[in-house]
$ cat entry-v2.pdb   # PDB, C-alpha atoms
MODEL        1
ATOM      1  CA  GLU A  22      14.165  19.917   8.181
ATOM      2  CA  LYS A  23      12.098  22.901   7.012
ATOM      3  CA  GLN A  24      14.721  25.247   8.359
ATOM      4  CA  SER A  25      17.506  23.426   6.506
ATOM      5  CA  GLN A  26      15.497  23.661   3.286
ATOM      6  CA  LEU A  27      15.200  27.416   3.779
ATOM      7  CA  ILE A  28      18.988  27.563   4.094
ATOM      8  CA  VAL A  29      19.300  25.888   0.691
ATOM      9  CA  GLU A  30      16.822  28.377  -0.774
ATOM     10  CA  ALA A  31      18.659  31.390   0.690
ATOM     11  CA  ALA A  32      22.132  30.161  -0.353
ATOM     12  CA  GLU A  33      20.955  29.465  -3.899
ATOM     13  CA  MET A  34      19.289  32.874  -4.120
ATOM     14  CA  LEU A  35      22.463  34.604  -2.922
ATOM     15  CA  HIS A  36      24.576  32.666  -5.409
ATOM     16  CA  GLN A  37      22.201  33.500  -8.281
ATOM     17  CA  GLY A  38      22.565  37.166  -7.411
ATOM     18  CA  VAL A  39      26.336  36.883  -7.493
ATOM     19  CA  VAL A  40      26.484  35.084 -10.862
ATOM     20  CA  ALA A  41      23.902  37.312 -12.576
ATOM     21  CA  GLU A  42      25.190  39.999 -14.904
ATOM     22  CA  GLU A  43      23.133  42.600 -13.067
ATOM     23  CA  THR A  44      21.547  42.195  -9.666
ATOM     24  CA  ASP A  45      19.173  44.461  -7.817
ATOM     25  CA  TRP A  46      20.825  43.956  -4.439
ATOM     26  CA  ASN A  47      17.987  45.632  -2.571
ATOM     27  CA  THR A  48      15.426  43.209  -4.012
ATOM     28  CA  LEU A  49      17.725  40.259  -3.343
ATOM     29  CA  ARG A  50      18.350  41.453   0.220
ATOM     30  CA  ILE A  51      14.611  41.740   0.835
ATOM     31  CA  ARG A  52      13.933  38.263  -0.575
ATOM     32  CA  VAL A  53      16.724  36.660   1.465
ATOM     33  CA  HIS A  54      15.521  38.515   4.556
ATOM     34  CA  GLN A  55      12.009  37.153   3.992
ATOM     35  CA  ILE A  56      13.468  33.640   3.953
ATOM     36  CA  GLU A  57      15.392  34.439   7.139
ATOM     37  CA  ASN A  58      12.147  35.651   8.751
ATOM     38  CA  ARG A  59      10.441  32.378   7.795
ATOM     39  CA  GLY A  60      13.368  30.594   9.420
ATOM     40  CA  ASP A  61      12.895  32.658  12.576
ATOM     41  CA  ASP A  62       9.221  31.648  12.615
ATOM     42  CA  ILE A  63      10.208  27.979  12.333
ATOM     43  CA  THR A  64      12.746  28.437  15.142
ATOM     44  CA  HIS A  65      10.131  29.981  17.420
ATOM     45  CA  GLN A  66       7.522  27.327  16.570
ATOM     46  CA  THR A  67      10.022  24.537  17.144
ATOM     47  CA  LEU A  68      11.207  25.890  20.471
ATOM     48  CA  THR A  69       7.632  26.508  21.622
ATOM     49  CA  ARG A  70       6.632  22.946  20.719
ATOM     50  CA  LEU A  71       9.803  21.626  22.307
ATOM     51  CA  HIS A  72       8.906  23.216  25.648
ATOM     52  CA  ARG A  73       5.417  21.683  25.518
ATOM     53  CA  THR A  74       6.444  18.182  24.446
ATOM     54  CA  PHE A  75       7.292  15.579  27.045
ATOM     55  CA  ILE A  76       8.659  12.883  24.730
ATOM     56  CA  THR A  77      10.902  13.975  21.882
ATOM     57  CA  PRO A  78      12.722  11.932  19.201
ATOM     58  CA  MET A  79      16.072  12.995  20.690
ATOM     59  CA  GLU A  80      17.278  14.976  23.669
ATOM     60  CA  PRO A  81      15.408  18.296  23.835
ATOM     61  CA  GLN A  82      18.696  20.176  24.292
ATOM     62  CA  ASP A  83      20.019  18.645  21.060
ATOM     63  CA  ILE A  84      16.917  19.734  19.140
ATOM     64  CA  HIS A  85      17.295  23.187  20.670
ATOM     65  CA  ASP A  86      20.982  23.417  19.705
ATOM     66  CA  ILE A  87      20.419  22.181  16.143
ATOM     67  CA  CYS A  88      17.569  24.642  15.659
ATOM     68  CA  LEU A  89      19.618  27.594  16.908
ATOM     69  CA  ARG A  90      22.673  26.683  14.809
ATOM     70  CA  LEU A  91      20.489  26.429  11.694
ATOM     71  CA  ASP A  92      19.064  29.834  12.559
ATOM     72  CA  ASP A  93      22.633  31.179  12.784
ATOM     73  CA  VAL A  94      23.358  29.960   9.245
ATOM     74  CA  LEU A  95      20.303  31.771   7.884
ATOM     75  CA  ASP A  96      21.297  34.885   9.814
ATOM     76  CA  MET A  97      24.768  34.810   8.223
ATOM     77  CA  ILE A  98      23.431  34.381   4.681
ATOM     78  CA  ASP A  99      21.039  37.269   5.366
ATOM     79  CA  GLU A 100      23.972  39.344   6.620
ATOM     80  CA  VAL A 101      25.945  38.668   3.428
ATOM     81  CA  ALA A 102      22.987  39.660   1.231
ATOM     82  CA  GLY A 103      22.531  42.810   3.289
ATOM     83  CA  ARG A 104      26.170  43.745   2.907
ATOM     84  CA  PHE A 105      25.973  43.404  -0.883
ATOM     85  CA  HIS A 106      23.109  45.896  -0.785
ATOM     86  CA  ILE A 107      24.830  48.337   1.584
ATOM     87  CA  PHE A 108      28.097  48.336  -0.360
ATOM     88  CA  LYS A 109      26.445  48.543  -3.803
ATOM     89  CA  ILE A 110      29.321  46.773  -5.493
ATOM     90  CA  THR A 111      28.626  46.601  -9.216
ATOM     91  CA  SER A 112      31.372  44.211 -10.299
ATOM     92  CA  LEU A 113      32.548  41.292  -8.222
ATOM     93  CA  PRO A 114      35.737  39.271  -8.564
ATOM     94  CA  ASN A 115      35.063  35.831 -10.093
ATOM     95  CA  ARG A 116      36.250  34.226  -6.874
ATOM     96  CA  VAL A 117      33.057  35.422  -5.139
ATOM     97  CA  GLN A 118      31.084  33.065  -7.398
ATOM     98  CA  THR A 119      33.210  30.159  -6.211
ATOM     99  CA  MET A 120      32.761  31.222  -2.599
ATOM    100  CA  THR A 121      28.973  31.424  -2.846
ATOM    101  CA  GLN A 122      28.884  28.137  -4.771
ATOM    102  CA  ASN A 123      30.645  26.634  -1.752
ATOM    103  CA  LEU A 124      27.812  27.965   0.431
ATOM    104  CA  VAL A 125      25.267  26.330  -1.872
ATOM    105  CA  ALA A 126      27.105  22.989  -1.714
ATOM    106  CA  ASN A 127      27.331  23.255   2.059
ATOM    107  CA  SER A 128      23.637  24.118   2.311
ATOM    108  CA  HIS A 129      22.732  20.951   0.420
ATOM    109  CA  ALA A 130      25.089  18.810   2.538
ATOM    110  CA  THR A 131      23.717  20.333   5.732
ATOM    111  CA  SER A 132      20.111  19.832   4.666
ATOM    112  CA  ALA A 133      20.852  16.210   3.778
ATOM    113  CA  ALA A 134      22.549  15.710   7.162
ATOM    114  CA  VAL A 135      19.580  17.182   9.049
ATOM    115  CA  GLN A 136      17.214  14.914   7.121
ATOM    116  CA  ALA A 137      19.439  11.890   7.764
ATOM    117  CA  VAL A 138      19.491  12.610  11.502
ATOM    118  CA  ALA A 139      15.694  13.008  11.500
ATOM    119  CA  GLN A 140      15.360   9.628   9.764
ATOM    120  CA  GLY A 141      17.909   7.920  12.017
ATOM    121  CA  LYS A 142      20.327   7.289   9.151
ATOM    122  CA  ASP A 143      24.117   7.376   9.191
ATOM    123  CA  VAL A 144      25.381  10.937   8.754
ATOM    124  CA  SER A 145      29.129  10.416   9.048
ATOM    125  CA  SER A 146      29.875  10.924   5.333
ATOM    126  CA  LEU A 147      27.741  14.082   5.257
ATOM    127  CA  LEU A 148      29.472  15.473   8.346
ATOM    128  CA  ILE A 149      32.839  14.858   6.686
ATOM    129  CA  LYS A 150      31.571  16.632   3.568
ATOM    130  CA  ILE A 151      30.431  19.639   5.644
ATOM    131  CA  HIS A 152      33.864  19.781   7.277
ATOM    132  CA  ASP A 153      35.654  19.468   3.921
ATOM    133  CA  LEU A 154      33.510  22.237   2.416
ATOM    134  CA  GLU A 155      34.342  24.508   5.340
ATOM    135  CA  ASP A 156      38.060  23.777   4.831
ATOM    136  CA  GLU A 157      37.607  24.647   1.164
ATOM    137  CA  ALA A 158      35.860  27.893   2.172
ATOM    138  CA  ASP A 159      38.847  28.801   4.350
ATOM    139  CA  GLN A 160      41.190  28.249   1.414
ATOM    140  CA  LEU A 161      38.938  30.216  -0.957
ATOM    141  CA  ASN A 162      38.806  33.105   1.500
ATOM    142  CA  HIS A 163      42.579  33.072   1.947
ATOM    143  CA  GLN A 164      43.159  33.128  -1.797
ATOM    144  CA  ALA A 165      40.487  35.775  -2.362
ATOM    145  CA  LEU A 166      42.076  38.038   0.249
ATOM    146  CA  THR A 167      45.552  37.437  -1.174
ATOM    147  CA  ASP A 168      44.343  38.325  -4.679
ATOM    148  CA  LEU A 169      42.446  41.339  -3.368
ATOM    149  CA  PHE A 170      45.456  42.847  -1.618
ATOM    150  CA  ASP A 171      47.647  42.097  -4.628
ATOM    151  CA  THR A 172      45.370  43.684  -7.224
ATOM    152  CA  GLU A 173      42.926  46.188  -5.709
ATOM    153  CA  HIS A 174      44.141  49.792  -5.565
ATOM    154  CA  ASP A 175      40.923  51.510  -4.503
ATOM    155  CA  PRO A 176      41.011  51.443  -0.665
ATOM    156  CA  ILE A 177      37.223  51.795  -0.257
ATOM    157  CA  ARG A 178      36.510  48.924  -2.654
ATOM    158  CA  LEU A 179      39.194  46.860  -0.910
ATOM    159  CA  ILE A 180      37.529  47.384   2.468
ATOM    160  CA  LYS A 181      34.103  46.482   1.073
ATOM    161  CA  LEU A 182      35.285  43.326  -0.676
ATOM    162  CA  LYS A 183      37.378  42.240   2.300
ATOM    163  CA  GLU A 184      34.328  42.441   4.536
ATOM    164  CA  ILE A 185      32.185  40.517   2.057
ATOM    165  CA  PHE A 186      34.829  37.776   1.730
ATOM    166  CA  GLU A 187      35.069  37.461   5.494
ATOM    167  CA  LEU A 188      31.281  37.345   5.945
ATOM    168  CA  ILE A 189      30.979  34.594   3.337
ATOM    169  CA  GLU A 190      33.692  32.663   5.165
ATOM    170  CA  GLU A 191      31.854  33.170   8.487
ATOM    171  CA  ALA A 192      28.713  31.795   6.847
ATOM    172  CA  ALA A 193      30.725  28.728   5.818
ATOM    173  CA  ASP A 194      31.965  28.411   9.419
ATOM    174  CA  SER A 195      28.368  28.432  10.638
ATOM    175  CA  PHE A 196      27.654  25.322   8.547
ATOM    176  CA  GLU A 197      30.457  23.515  10.342
ATOM    177  CA  ASP A 198      28.925  24.598  13.668
ATOM    178  CA  VAL A 199      25.711  22.834  12.602
ATOM    179  CA  GLY A 200      27.786  19.772  11.719
ATOM    180  CA  HIS A 201      29.359  19.714  15.191
ATOM    181  CA  VAL A 202      25.964  19.954  16.894
ATOM    182  CA  LEU A 203      24.529  17.222  14.657
ATOM    183  CA  GLU A 204      27.515  14.996  15.399
ATOM    184  CA  ALA A 205      27.131  15.527  19.158
ATOM    185  CA  ALA A 206      23.413  14.741  18.943
ATOM    186  CA  VAL A 207      24.041  11.554  16.961
ATOM    187  CA  VAL A 208      26.695  10.356  19.415
ATOM    188  CA  LYS A 209      24.535  11.164  22.429
ATOM    189  CA  ASN A 210      21.407   9.543  20.997
ATOM    190  CA  ALA A 211      23.062   6.464  19.463
TER
ENDMDL
END
$ encode --input "entry-v2.pdb" --output "structure tokens"
Amino acid sequence: EKQSQLIVEAAEMLHQGVVAEETDWNTLRIRVHQIENRGDDITHQTLTRLHRTFITPMEPQDIHDICLRLDDVLDMIDEVAGRFHIFKITSLPNRVQTMTQNLVANSHATSAAVQAVAQGKDVSSLLIKIHDLEDEADQLNHQALTDLFDTEHDPIRLIKLKEIFELIEEAADSFEDVGHVLEAAVVKNA
């Protein structure tokens, strides 16, 4: 649950950087990376406790898989923030705001799903929402790439933006991976 809350924090921070008129991408990258490091600490603590605990609330392998998939999401958000810093893009297409807003929505849905699983509640509607948000991310990425290739004439900027779009879409994919692992855990432990 703590890890999923960090994902919300990182996604919101990334989105705020994208919507701001001016963003110090280095500072944002450092702050997101600090959140990712806290997530790594939680992953290590969880896995250490998991190996020492005889009785767990669900199958140990499921806890392990959920923890690692959540870590992957944080890694992807950190990667996106890092790429913004490396590329030093000063003006972003408006579609990037929509794409990062999708990550924020997916972070909230994923956090709610993790909490629901922890509390033994029904997660089916949240898993559907995670899937729908990932489908939306695919469509946003497709449209962003179409617009980019139709309008951008600077080849270096095109390459940079293309990579950012694809990384954001990969981050959205990683949320769906969490959803699949949560669904498998719920089915197995029902």
$ resolve_selection --input "entry-v2.pdb" --expression "the PyMOL selection byres ((chain A and resi 161) around 12)" --output "ChimeraX atom specification"
/A:115-124,154-160,162-169,186-187,189-190,193
$ resolve_selection --input "entry-v2.pdb" --expression "the PyMOL selection byres ((chain A and resi 31) around 10)" --output "PyMOL selection string"
chain A and resi 25-30+32-37+49+52-57+94-95+98-99+102+124-125+128
$ closest_residue --input "entry-v2.pdb" --among "A:Cys88, A:Leu203, A:Met79, A:Leu113" --to "A:Asp143" --atoms "only C-alpha atoms"
A:Leu203
$ closest_residue --input "entry-v2.pdb" --among "A:Ser146, A:Thr48, A:Gln140, A:Gln24" --to "A:Leu89" --atoms "all atoms listed in the file"
A:Gln24
$ residues_around --input "entry-v2.pdb" --residues "A:Glu80" --least-positions-apart "6" --cutoff "10 Å" --atoms "all atoms listed in the file" --output "ChimeraX atom specification"
/A:206,209-210
$ write_last_selection --input "entry-v2.pdb" --atoms "C-alpha atoms" --output "short mmCIF file (atom, residue, chain, number, x, y, z; two decimals), in the coordinates of the input"
data_model
loop_
_atom_site.label_atom_id
_atom_site.label_comp_id
_atom_site.auth_asym_id
_atom_site.auth_seq_id
_atom_site.Cartn_x
_atom_site.Cartn_y
_atom_site.Cartn_z
CA ALA A 206 23.41 14.74 18.94
CA LYS A 209 24.54 11.16 22.43
CA ASN A 210 21.41 9.54 21.00
#
$ resolve_selection --input "entry-v2.pdb" --expression "the PyMOL selection byres ((chain A and resi 147) around 9)" --output "PyMOL selection string"
chain A and resi 130-131+133-134+137+143-146+148-152+200
$ residues_around --input "entry-v2.pdb" --residues "A:Ile110" --least-positions-apart "4" --cutoff "10 Å" --atoms "only C-alpha atoms" --output "number ranges by chain"
A: 44, 46, 104-106, 178, 181-182
$ atom_distance --input "entry-v2.pdb" --atom1 "atom CA of A:Glu191" --atom2 "atom CA of A:Asp61"
19.4 Å
$ atom_distance --input "entry-v2.pdb" --atom1 "atom CA of A:Glu204" --atom2 "atom CA of A:Asp62"
24.9 Å
$ atom_distance --input "entry-v2.pdb" --atom1 "atom CA of A:Asp171" --atom2 "atom CA of A:Ala126"
28.2 Å
$ closest_residue --input "entry-v2.pdb" --among "A:Arg50, A:Lys109, A:His129, A:His72" --to "A:His85" --atoms "only C-alpha atoms"
A:His72
$ closest_residue --input "entry-v2.pdb" --among "A:Leu91, A:Ile185, A:Val138, A:Leu179" --to "A:Ile63" --atoms "only C-alpha atoms"
A:Leu91
$ closest_residue --input "entry-v2.pdb" --among "A:Thr77, A:Phe108, A:Asp93, A:His65" --to "A:Asn47" --atoms "all atoms listed in the file"
A:Phe108
$ axis_aligned_box --input "entry-v2.pdb" --around "stretch 58-67 of chain A" --padding-each-side "8 Å" --output "lines of an AutoDock Vina configuration file"
center_x = 10.4
center_y = 30.1
center_z = 12.6
size_x = 21.8
size_y = 27.1
size_z = 25.6
